[in-house]
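Structure file final_20.cif; described as mmCIF, C-alpha atoms.
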data_entry
#
loop_
_atom_site.label_atom_id
_atom_site.label_comp_id
_atom_site.auth_asym_id
_atom_site.auth_seq_id
_atom_site.Cartn_x
_atom_site.Cartn_y
_atom_site.Cartn_z
CA MET A 1 19.74 23.53 -39.03
CA ARG A 2 18.45 27.03 -39.35
CA THR A 3 20.51 28.75 -41.96
CA ASN A 4 18.84 32.16 -42.04
CA LYS A 5 18.00 34.26 -39.02
CA VAL A 6 14.75 36.20 -39.18
CA CYS A 7 15.00 39.56 -37.46
CA THR A 8 13.00 42.74 -37.08
CA GLY A 9 14.05 46.20 -36.04
CA ALA A 10 12.61 49.64 -35.48
CA SER A 11 13.24 53.04 -33.99
CA MET A 12 11.00 52.99 -30.93
CA SER A 13 10.08 55.56 -28.31
CA LEU A 14 10.71 54.75 -24.66
CA ASP A 15 6.98 54.12 -24.30
CA GLY A 16 6.95 51.54 -27.11
CA TYR A 17 5.68 53.44 -30.16
CA ILE A 18 7.12 53.37 -33.68
CA ALA A 19 4.86 56.27 -34.72
CA GLY A 20 3.04 58.91 -32.74
CA PRO A 21 -0.65 59.79 -33.12
CA GLU A 22 -1.62 60.31 -36.78
CA GLU A 23 1.83 59.34 -38.10
CA THR A 24 3.69 62.04 -36.13
CA GLY A 25 6.90 61.80 -34.13
CA PHE A 26 9.19 60.67 -36.96
CA ASP A 27 11.34 63.79 -36.51
CA LYS A 28 12.15 62.47 -33.02
CA LEU A 29 12.29 58.73 -33.80
CA PHE A 30 14.56 59.07 -36.83
CA ARG A 31 16.67 61.96 -35.57
CA TRP A 32 19.64 59.64 -34.99
CA TYR A 33 19.90 59.10 -38.74
CA SER A 34 20.98 62.73 -39.15
CA ASN A 35 22.31 64.08 -35.84
CA GLY A 36 25.92 63.01 -36.23
CA THR A 37 28.95 63.94 -38.26
CA VAL A 38 29.72 60.79 -40.29
CA ARG A 39 28.24 60.87 -43.78
CA VAL A 40 26.73 57.52 -44.76
CA PRO A 41 25.76 57.19 -48.42
CA THR A 42 23.05 54.67 -49.25
CA THR A 43 22.22 52.84 -52.47
CA ARG A 44 19.92 55.78 -53.16
CA GLY A 45 21.79 58.78 -54.52
CA ASP A 46 19.23 61.14 -53.00
CA LEU A 47 19.60 59.76 -49.47
CA THR A 48 22.69 60.27 -47.31
CA PHE A 49 22.62 59.87 -43.53
CA THR A 50 24.84 61.81 -41.11
CA MET A 51 25.17 59.70 -38.00
CA SER A 52 27.29 59.38 -34.90
CA PRO A 53 30.14 56.85 -35.27
CA VAL A 54 28.33 54.40 -32.95
CA SER A 55 25.12 54.59 -34.97
CA VAL A 56 27.05 54.14 -38.22
CA GLU A 57 28.38 50.88 -36.86
CA ALA A 58 24.88 49.73 -35.82
CA TRP A 59 23.43 50.69 -39.22
CA ARG A 60 26.27 49.05 -41.18
CA GLY A 61 25.86 45.90 -39.10
CA THR A 62 22.19 45.76 -40.10
CA VAL A 63 22.96 46.38 -43.76
CA GLU A 64 25.76 43.81 -43.87
CA ARG A 65 23.79 41.09 -42.11
CA THR A 66 20.60 41.58 -44.11
CA GLY A 67 20.32 39.43 -47.22
CA ALA A 68 16.65 40.13 -47.94
CA LEU A 69 13.74 42.09 -46.53
CA VAL A 70 10.11 41.18 -45.96
CA VAL A 71 7.84 44.21 -45.76
CA GLY A 72 4.11 44.70 -45.46
CA ARG A 73 1.97 46.39 -48.04
CA ARG A 74 1.35 49.39 -45.76
CA LEU A 75 5.05 50.21 -45.47
CA PHE A 76 5.49 49.56 -49.18
CA ASP A 77 2.72 52.04 -50.00
CA LEU A 78 3.85 54.61 -47.41
CA THR A 79 7.30 54.74 -48.99
CA SER A 80 6.01 54.51 -52.58
CA GLY A 81 7.84 51.20 -52.77
CA TRP A 82 11.12 53.07 -52.22
CA GLU A 83 10.78 53.76 -55.96
CA GLY A 84 12.18 50.30 -56.54
CA ASN A 85 15.39 50.98 -54.62
CA HIS A 86 15.44 50.18 -50.90
CA PRO A 87 18.27 52.03 -49.06
CA ILE A 88 19.54 48.72 -47.63
CA GLY A 89 20.16 47.62 -51.21
CA CYS A 90 18.90 44.04 -51.08
CA PRO A 91 15.96 42.04 -52.49
CA VAL A 92 12.59 42.95 -51.01
CA VAL A 93 9.63 40.60 -50.58
CA VAL A 94 6.33 42.45 -50.25
CA LEU A 95 3.55 40.57 -48.48
CA THR A 96 0.26 41.79 -49.89
CA HIS A 97 -3.29 40.62 -50.57
CA ARG A 98 -3.12 42.03 -54.08
CA VAL A 99 -0.11 42.43 -56.37
CA PRO A 100 0.06 46.06 -57.57
CA GLU A 101 -0.92 46.37 -61.21
CA ASP A 102 0.87 49.62 -61.94
CA TRP A 103 4.30 48.94 -60.40
CA PRO A 104 6.63 50.77 -62.78
CA TYR A 105 9.95 49.30 -61.60
CA GLU A 106 9.83 45.89 -63.26
CA ASP A 107 13.58 45.33 -63.06
CA ALA A 108 13.78 46.20 -59.37
CA PRO A 109 14.54 43.28 -57.00
CA PHE A 110 10.99 43.28 -55.58
CA THR A 111 8.88 40.13 -55.21
CA PHE A 112 5.18 40.14 -54.34
CA VAL A 113 3.86 37.28 -52.23
CA THR A 114 0.16 36.82 -51.55
CA ASP A 115 -0.05 33.50 -49.71
CA GLY A 116 0.95 34.42 -46.17
CA ILE A 117 3.86 35.21 -43.91
CA GLU A 118 5.47 31.73 -43.92
CA SER A 119 5.63 31.81 -47.70
CA ALA A 120 7.02 35.36 -47.74
CA VAL A 121 9.75 34.47 -45.28
CA GLU A 122 10.63 31.28 -47.21
CA ARG A 123 10.93 33.26 -50.43
CA ALA A 124 13.12 35.84 -48.66
CA LYS A 125 15.41 33.10 -47.33
CA GLU A 126 15.99 31.84 -50.86
CA LEU A 127 16.75 35.36 -52.03
CA ALA A 128 19.00 36.15 -49.05
CA GLY A 129 21.31 33.23 -49.63
CA PRO A 130 22.81 30.85 -47.07
CA GLY A 131 23.48 32.25 -43.62
CA ARG A 132 22.24 35.76 -44.31
CA THR A 133 19.55 37.46 -42.28
CA VAL A 134 15.97 38.03 -43.39
CA THR A 135 14.84 41.34 -41.91
CA VAL A 136 11.09 41.89 -41.54
CA ASN A 137 9.30 45.29 -41.31
CA GLY A 138 7.13 46.94 -39.94
CA GLY A 139 5.18 46.12 -36.79
CA THR A 140 2.33 44.13 -38.34
CA ILE A 141 4.69 41.86 -40.26
CA ALA A 142 6.91 41.48 -37.18
CA ARG A 143 3.87 40.49 -35.11
CA GLN A 144 2.82 37.90 -37.70
CA CYS A 145 6.34 36.43 -37.60
CA LEU A 146 6.30 36.36 -33.81
CA ASP A 147 2.88 34.68 -33.74
CA ALA A 148 4.13 32.10 -36.26
CA ARG A 149 7.33 31.56 -34.21
CA LEU A 150 9.45 32.60 -37.16
CA LEU A 151 11.20 35.55 -35.50
CA ASP A 152 14.68 35.04 -34.04
CA GLU A 153 15.77 38.53 -33.02
CA VAL A 154 14.35 41.95 -32.24
CA TRP A 155 16.54 45.03 -32.75
CA ILE A 156 15.40 48.18 -31.02
CA ASP A 157 16.76 51.65 -31.63
CA LEU A 158 15.45 53.07 -28.37
CA VAL A 159 14.79 56.81 -28.55
CA PRO A 160 14.48 58.89 -25.37
CA VAL A 161 11.08 60.38 -26.06
CA LEU A 162 7.57 59.65 -24.76
CA LEU A 163 5.04 59.86 -27.58
CA GLY A 164 2.11 58.99 -25.29
CA ALA A 165 0.05 57.29 -28.02
CA GLY A 166 0.32 56.06 -31.60
CA THR A 167 1.38 52.81 -33.25
CA PRO A 168 2.99 50.31 -30.85
CA PHE A 169 5.87 48.27 -32.28
CA PHE A 170 4.20 45.10 -30.98
CA ASP A 171 0.45 45.06 -30.77
CA GLN A 172 -2.23 42.39 -30.53
CA LEU A 173 0.28 39.60 -30.01
CA LYS A 174 -1.26 36.15 -29.93
CA ASN A 175 1.00 34.46 -27.41
CA VAL A 176 1.92 36.76 -24.54
CA PRO A 177 4.07 37.25 -22.64
CA VAL A 178 6.93 36.91 -25.15
CA GLU A 179 10.22 36.47 -23.37
CA LEU A 180 13.39 37.84 -24.89
CA GLU A 181 17.02 37.23 -24.07
CA GLY A 182 19.51 40.02 -23.88
CA PRO A 183 20.34 42.63 -24.84
CA LEU A 184 22.86 40.64 -26.89
CA SER A 185 24.45 43.97 -27.68
CA MET A 186 23.98 47.53 -26.55
CA ALA A 187 25.51 50.63 -28.13
CA GLN A 188 24.88 54.25 -27.26
CA GLY A 189 24.62 56.73 -30.12
CA ILE A 190 23.38 60.32 -29.92
CA ASP A 191 19.75 60.27 -28.71
CA VAL A 192 19.45 56.54 -29.43
CA THR A 193 20.38 53.28 -27.73
CA HIS A 194 20.88 50.35 -30.12
CA LEU A 195 19.72 47.11 -28.51
CA ARG A 196 19.48 43.56 -29.85
CA TYR A 197 17.40 40.80 -28.26
CA ARG A 198 16.84 37.12 -29.04
CA VAL A 199 13.31 35.72 -28.87
CA ARG A 200 12.83 32.84 -26.40
CA TYR A 201 10.07 30.47 -27.44
CA PRO A 202 8.65 28.25 -24.69
CA MET B 203 17.97 76.91 -6.97
CA ARG B 204 16.34 73.52 -7.08
CA THR B 205 17.53 71.61 -4.05
CA ASN B 206 15.63 68.36 -4.43
CA LYS B 207 15.41 66.31 -7.58
CA VAL B 208 12.06 64.69 -8.29
CA CYS B 209 12.42 61.29 -9.94
CA THR B 210 10.31 58.31 -10.83
CA GLY B 211 11.25 54.76 -11.60
CA ALA B 212 9.69 51.45 -12.55
CA SER B 213 10.36 47.99 -13.89
CA MET B 214 9.00 48.21 -17.42
CA SER B 215 8.56 45.71 -20.23
CA LEU B 216 10.18 46.42 -23.58
CA ASP B 217 6.74 47.39 -24.88
CA GLY B 218 6.23 49.98 -22.15
CA TYR B 219 4.05 48.25 -19.55
CA ILE B 220 4.53 48.23 -15.76
CA ALA B 221 1.82 45.57 -15.38
CA GLY B 222 0.32 43.09 -17.79
CA PRO B 223 -3.40 42.55 -18.37
CA GLU B 224 -5.32 42.14 -15.10
CA GLU B 225 -2.24 42.81 -12.95
CA THR B 226 -0.20 39.95 -14.41
CA GLY B 227 3.43 39.86 -15.51
CA PHE B 228 5.00 40.81 -12.18
CA ASP B 229 6.88 37.49 -12.09
CA LYS B 230 8.68 38.70 -15.23
CA LEU B 231 8.97 42.41 -14.39
CA PHE B 232 10.35 41.89 -10.89
CA ARG B 233 12.43 38.80 -11.61
CA TRP B 234 15.65 40.82 -11.37
CA TYR B 235 14.99 41.38 -7.66
CA SER B 236 15.59 37.68 -7.05
CA ASN B 237 17.59 36.17 -9.93
CA GLY B 238 21.08 36.92 -8.62
CA THR B 239 23.37 35.74 -5.86
CA VAL B 240 23.88 38.82 -3.67
CA ARG B 241 21.56 38.94 -0.66
CA VAL B 242 20.16 42.42 -0.09
CA PRO B 243 18.32 42.87 3.21
CA THR B 244 15.72 45.66 3.35
CA THR B 245 14.29 47.59 6.27
CA ARG B 246 11.62 44.87 6.31
CA GLY B 247 12.82 41.75 8.09
CA ASP B 248 10.50 39.62 5.94
CA LEU B 249 11.88 40.90 2.62
CA THR B 250 15.36 40.08 1.30
CA PHE B 251 16.32 40.44 -2.35
CA THR B 252 18.90 38.26 -4.13
CA MET B 253 20.21 40.31 -7.04
CA SER B 254 23.06 40.39 -9.49
CA PRO B 255 25.94 42.65 -8.37
CA VAL B 256 25.02 45.22 -11.05
CA SER B 257 21.39 45.37 -9.92
CA VAL B 258 22.46 45.66 -6.27
CA GLU B 259 24.40 48.77 -7.20
CA ALA B 260 21.40 50.22 -9.09
CA TRP B 261 19.04 49.43 -6.20
CA ARG B 262 21.42 50.83 -3.55
CA GLY B 263 21.84 54.00 -5.63
CA THR B 264 18.08 54.48 -5.60
CA VAL B 265 17.82 53.84 -1.88
CA GLU B 266 20.73 56.12 -1.01
CA ARG B 267 19.55 59.01 -3.19
CA THR B 268 15.93 58.83 -2.09
CA GLY B 269 15.06 61.07 0.88
CA ALA B 270 11.28 60.70 0.61
CA LEU B 271 8.64 59.01 -1.51
CA VAL B 272 5.39 60.25 -2.98
CA VAL B 273 2.97 57.44 -3.79
CA GLY B 274 -0.59 57.31 -5.04
CA ARG B 275 -3.49 55.83 -3.13
CA ARG B 276 -3.75 52.89 -5.54
CA LEU B 277 -0.19 51.72 -4.88
CA PHE B 278 -0.67 52.36 -1.16
CA ASP B 279 -3.80 50.15 -1.12
CA LEU B 280 -2.27 47.46 -3.36
CA THR B 281 0.65 47.03 -0.95
CA SER B 282 -1.51 47.42 2.19
CA GLY B 283 0.51 50.56 2.89
CA TRP B 284 3.63 48.39 3.18
CA GLU B 285 2.29 47.76 6.69
CA GLY B 286 3.81 51.09 7.67
CA ASN B 287 7.34 50.09 6.61
CA HIS B 288 8.41 50.82 3.04
CA PRO B 289 11.44 48.72 1.94
CA ILE B 290 13.33 51.87 0.95
CA GLY B 291 13.09 52.95 4.59
CA CYS B 292 12.26 56.63 4.17
CA PRO B 293 9.28 58.91 4.82
CA VAL B 294 6.32 58.31 2.52
CA VAL B 295 3.81 60.93 1.37
CA VAL B 296 0.53 59.39 0.18
CA LEU B 297 -1.51 61.51 -2.22
CA THR B 298 -5.15 60.61 -1.72
CA HIS B 299 -8.62 62.11 -1.98
CA ARG B 300 -9.51 60.73 1.45
CA VAL B 301 -7.23 60.09 4.44
CA PRO B 302 -7.72 56.47 5.59
CA GLU B 303 -9.63 56.28 8.84
CA ASP B 304 -8.39 52.90 9.97
CA TRP B 305 -4.65 53.23 9.36
CA PRO B 306 -3.19 51.20 12.24
CA TYR B 307 0.46 52.36 11.99
CA GLU B 308 0.22 55.78 13.61
CA ASP B 309 3.93 56.00 14.39
CA ALA B 310 5.00 55.06 10.86
CA PRO B 311 6.61 57.85 8.79
CA PHE B 312 3.57 58.18 6.51
CA THR B 313 1.93 61.51 5.67
CA PHE B 314 -1.39 61.84 3.88
CA VAL B 315 -1.86 64.80 1.54
CA THR B 316 -5.21 65.59 -0.06
CA ASP B 317 -4.62 68.89 -1.87
CA GLY B 318 -2.83 67.82 -5.04
CA ILE B 319 0.47 66.73 -6.49
CA GLU B 320 2.34 70.05 -6.01
CA SER B 321 1.51 70.00 -2.33
CA ALA B 322 2.51 66.33 -1.96
CA VAL B 323 5.86 66.95 -3.65
CA GLU B 324 6.49 70.07 -1.52
CA ARG B 325 5.79 68.11 1.66
CA ALA B 326 8.10 65.31 0.48
CA LYS B 327 10.90 67.79 -0.20
CA GLU B 328 10.66 69.05 3.38
CA LEU B 329 10.77 65.48 4.67
CA ALA B 330 13.62 64.44 2.35
CA GLY B 331 15.98 67.15 3.55
CA PRO B 332 18.30 69.36 1.48
CA GLY B 333 19.71 67.86 -1.71
CA ARG B 334 18.00 64.47 -1.41
CA THR B 335 15.76 63.02 -4.08
CA VAL B 336 11.99 62.81 -3.92
CA THR B 337 10.97 59.59 -5.68
CA VAL B 338 7.40 59.38 -7.01
CA ASN B 339 5.42 56.16 -7.75
CA GLY B 340 3.57 54.71 -9.65
CA GLY B 341 2.56 55.68 -13.16
CA THR B 342 -0.41 57.93 -12.37
CA ILE B 343 1.58 60.01 -9.90
CA ALA B 344 4.54 60.13 -12.30
CA ARG B 345 2.23 61.37 -15.04
CA GLN B 346 0.80 64.09 -12.80
CA CYS B 347 4.36 65.22 -11.98
CA LEU B 348 5.29 65.25 -15.65
CA ASP B 349 2.18 67.23 -16.58
CA ALA B 350 2.97 69.73 -13.79
CA ARG B 351 6.61 69.95 -14.96
CA LEU B 352 7.81 68.75 -11.56
CA LEU B 353 9.64 65.63 -12.75
CA ASP B 354 13.42 65.78 -13.27
CA GLU B 355 14.40 62.19 -14.01
CA VAL B 356 12.92 58.89 -15.16
CA TRP B 357 14.61 55.64 -14.15
CA ILE B 358 13.66 52.58 -16.15
CA ASP B 359 14.49 49.01 -15.26
CA LEU B 360 13.94 47.67 -18.76
CA VAL B 361 12.91 44.03 -18.80
CA PRO B 362 13.24 41.93 -21.98
CA VAL B 363 9.64 40.80 -22.21
CA LEU B 364 6.67 41.82 -24.36
CA LEU B 365 3.49 41.88 -22.29
CA GLY B 366 1.35 43.01 -25.22
CA ALA B 367 -1.17 44.92 -23.11
CA GLY B 368 -1.72 46.16 -19.57
CA THR B 369 -0.82 49.32 -17.67
CA PRO B 370 1.57 51.63 -19.55
CA PHE B 371 4.16 53.39 -17.39
CA PHE B 372 3.19 56.69 -19.02
CA ASP B 373 -0.36 57.09 -20.18
CA GLN B 374 -2.65 60.00 -21.08
CA LEU B 375 0.17 62.52 -20.90
CA LYS B 376 -0.97 66.11 -21.34
CA ASN B 377 2.03 67.55 -23.17
CA VAL B 378 3.43 65.14 -25.72
CA PRO B 379 5.94 64.42 -27.03
CA VAL B 380 8.07 64.54 -23.86
CA GLU B 381 11.73 64.64 -24.73
CA LEU B 382 14.26 63.02 -22.47
CA GLU B 383 18.02 63.26 -22.31
CA GLY B 384 20.21 60.25 -21.90
CA PRO B 385 20.52 57.57 -20.77
CA LEU B 386 22.61 59.36 -18.13
CA SER B 387 23.61 55.89 -16.99
CA MET B 388 23.12 52.38 -18.27
CA ALA B 389 23.89 49.16 -16.39
CA GLN B 390 23.18 45.60 -17.43
CA GLY B 391 21.95 43.20 -14.73
CA ILE B 392 20.49 39.75 -15.32
CA ASP B 393 17.32 40.12 -17.40
CA VAL B 394 17.18 43.86 -16.75
CA THR B 395 18.83 47.01 -18.11
CA HIS B 396 18.96 49.90 -15.64
CA LEU B 397 18.56 53.22 -17.45
CA ARG B 398 18.33 56.80 -16.17
CA TYR B 399 16.99 59.71 -18.22
CA ARG B 400 16.58 63.45 -17.56
CA VAL B 401 13.36 65.18 -18.63
CA ARG B 402 13.81 68.05 -21.09
CA TYR B 403 11.11 70.69 -20.78
CA PRO B 404 10.64 72.99 -23.78
#

Kindly return the structure encoded in the file as structure tokens.
Amino acid sequence: MRTNKVCTGASMSLDGYIAGPEETGFDKLFRWYSNGTVRVPTTRGDLTFTMSPVSVEAWRGTVERTGALVVGRRLFDLTSGWEGNHPIGCPVVVLTHRVPEDWPYEDAPFTFVTDGIESAVERAKELAGPGRTVTVNGGTIARQCLDARLLDEVWIDLVPVLLGAGTPFFDQLKNVPVELEGPLSMAQGIDVTHLRYRVRYP
Amino acid sequence: MRTNKVCTGASMSLDGYIAGPEETGFDKLFRWYSNGTVRVPTTRGDLTFTMSPVSVEAWRGTVERTGALVVGRRLFDLTSGWEGNHPIGCPVVVLTHRVPEDWPYEDAPFTFVTDGIESAVERAKELAGPGRTVTVNGGTIARQCLDARLLDEVWIDLVPVLLGAGTPFFDQLKNVPVELEGPLSMAQGIDVTHLRYRVRYP
């Protein structure tokens, strides 16, 4: 029996990008985190979202389901390792070729794994606890999970913008086409449609 | 006053493609035309769809709104010019560099325009009649309309599949990002989500 779902999610443009050319477009892609009226505090004192009620529900669902995260080294570096405090407030497994030597947040719930995606996901399942979801980010890690048939669900926050180029959410997939089932759920926020799909493996 | 809306639509994979590599993936992208129980005859005796009730409504909406089509030469050639009888059953304007010399359906409601997208859309508006929609296909023509600020709406039949590569619906856009408004409507068929968006020009 599979006790932990493995899921990935991203804010994605209608043409399939999670970043525009040269890391642009985030003002559009992440607008739904701040275009509403409901204040949503996070585990980080310096970060409060203001979302529409529908998006709050989608966000809280993600936070409540997620027991642990697996992230790639690129995202970890881009965010400065969230300064040891990820806004979802759960253990984080960082998949990397090289453990950082100067990581100053020794007490933070961050684990570095160097021996591949399967191992990272296994570690995250232990940390998540029974029945809780392992959420994997960003695109490269999600692709590795999909290629290894580890991914159960894909959550898309679909944003009505065409970026035209940039970083696709899913790129260089090994086994295409990948069929999905759903949406399992669909909720309309302000300038975002929250969609959840299940991966169908042949 | 604008009397005719100009719209485009396509069946698109979740990762933004309207065709997979080397013109594959159509079995997935167009599955919703035949995975339901409602028989939908077209103006072509040889072509009957069997759709879910929700998809029938989406399809009928498109057919009823559309007064004329603008298509590119590539789509025209790919479909053998629908043998002079497009399933939507309305006048068709073909934008091409060269009028075909051997077109055998002289009485068919097909018009060939060689002097650019503005001219093709103008001709289609005349043919559509007051208040009716001009629908433009496929991706290259839609892009030209978007670049020329002629496009009012984008209809996406979003299919839960990742094709990984192929022909993007929107590619090489001149003015990015393109912001959209909506979805104006959202309807869930079987293995397809019908979405309509309005283009926001700055």

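Of the listed residues (A:Arg149, A:Arg60, A:Lys5, A:Lys28), A:Lys28 comes nearest to chain B; the distances count all atoms listed in the file.
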
One residue among B:Met388, B:Leu397, B:Ala270, B:Val378 is nearest to chain A when using only C-alpha atoms, and that residue is B:Val378

Identify every residue of chain B that has at least one atom within 9 Å of any atom of chain A, counting all atoms listed in the file, and report the result as an MDAnalysis selection string. chainID B and resid 216:219 222 227 230 361:367 370:385 390 392:395 399

Selection result for the PyMOL selection byres ((chain A and resi 35-37) around 8) on this file, as a count of residues only: 11

Surrounding residues of Gly286 (chain B) excluding itself and chain neighbours under 3 positions, 8 Å, only C-alpha atoms, as a PyMOL selection string: chain B and resi 283+307+310-312

Selection dump of the PyMOL selection byres ((chain A and resi 136) around 7), as a PyMOL selection string: chain A and resi 7-8+69-71+134-135+137-138+141-142

Next, dump the selected residues to file, keeping only C-alpha atoms, as a short mmCIF file (atom, residue, chain, number, x, y, z; two decimals), keeping the file's coordinate frame.
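Below is the file result34.cif, written as the result:
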data_model
loop_
_atom_site.label_atom_id
_atom_site.label_comp_id
_atom_site.auth_asym_id
_atom_site.auth_seq_id
_atom_site.Cartn_x
_atom_site.Cartn_y
_atom_site.Cartn_z
CA CYS A 7 15.00 39.56 -37.46
CA THR A 8 13.00 42.74 -37.08
CA LEU A 69 13.74 42.09 -46.53
CA VAL A 70 10.11 41.18 -45.96
CA VAL A 71 7.84 44.21 -45.76
CA VAL A 134 15.97 38.03 -43.39
CA THR A 135 14.84 41.34 -41.91
CA ASN A 137 9.30 45.29 -41.31
CA GLY A 138 7.13 46.94 -39.94
CA ILE A 141 4.69 41.86 -40.26
CA ALA A 142 6.91 41.48 -37.18
#
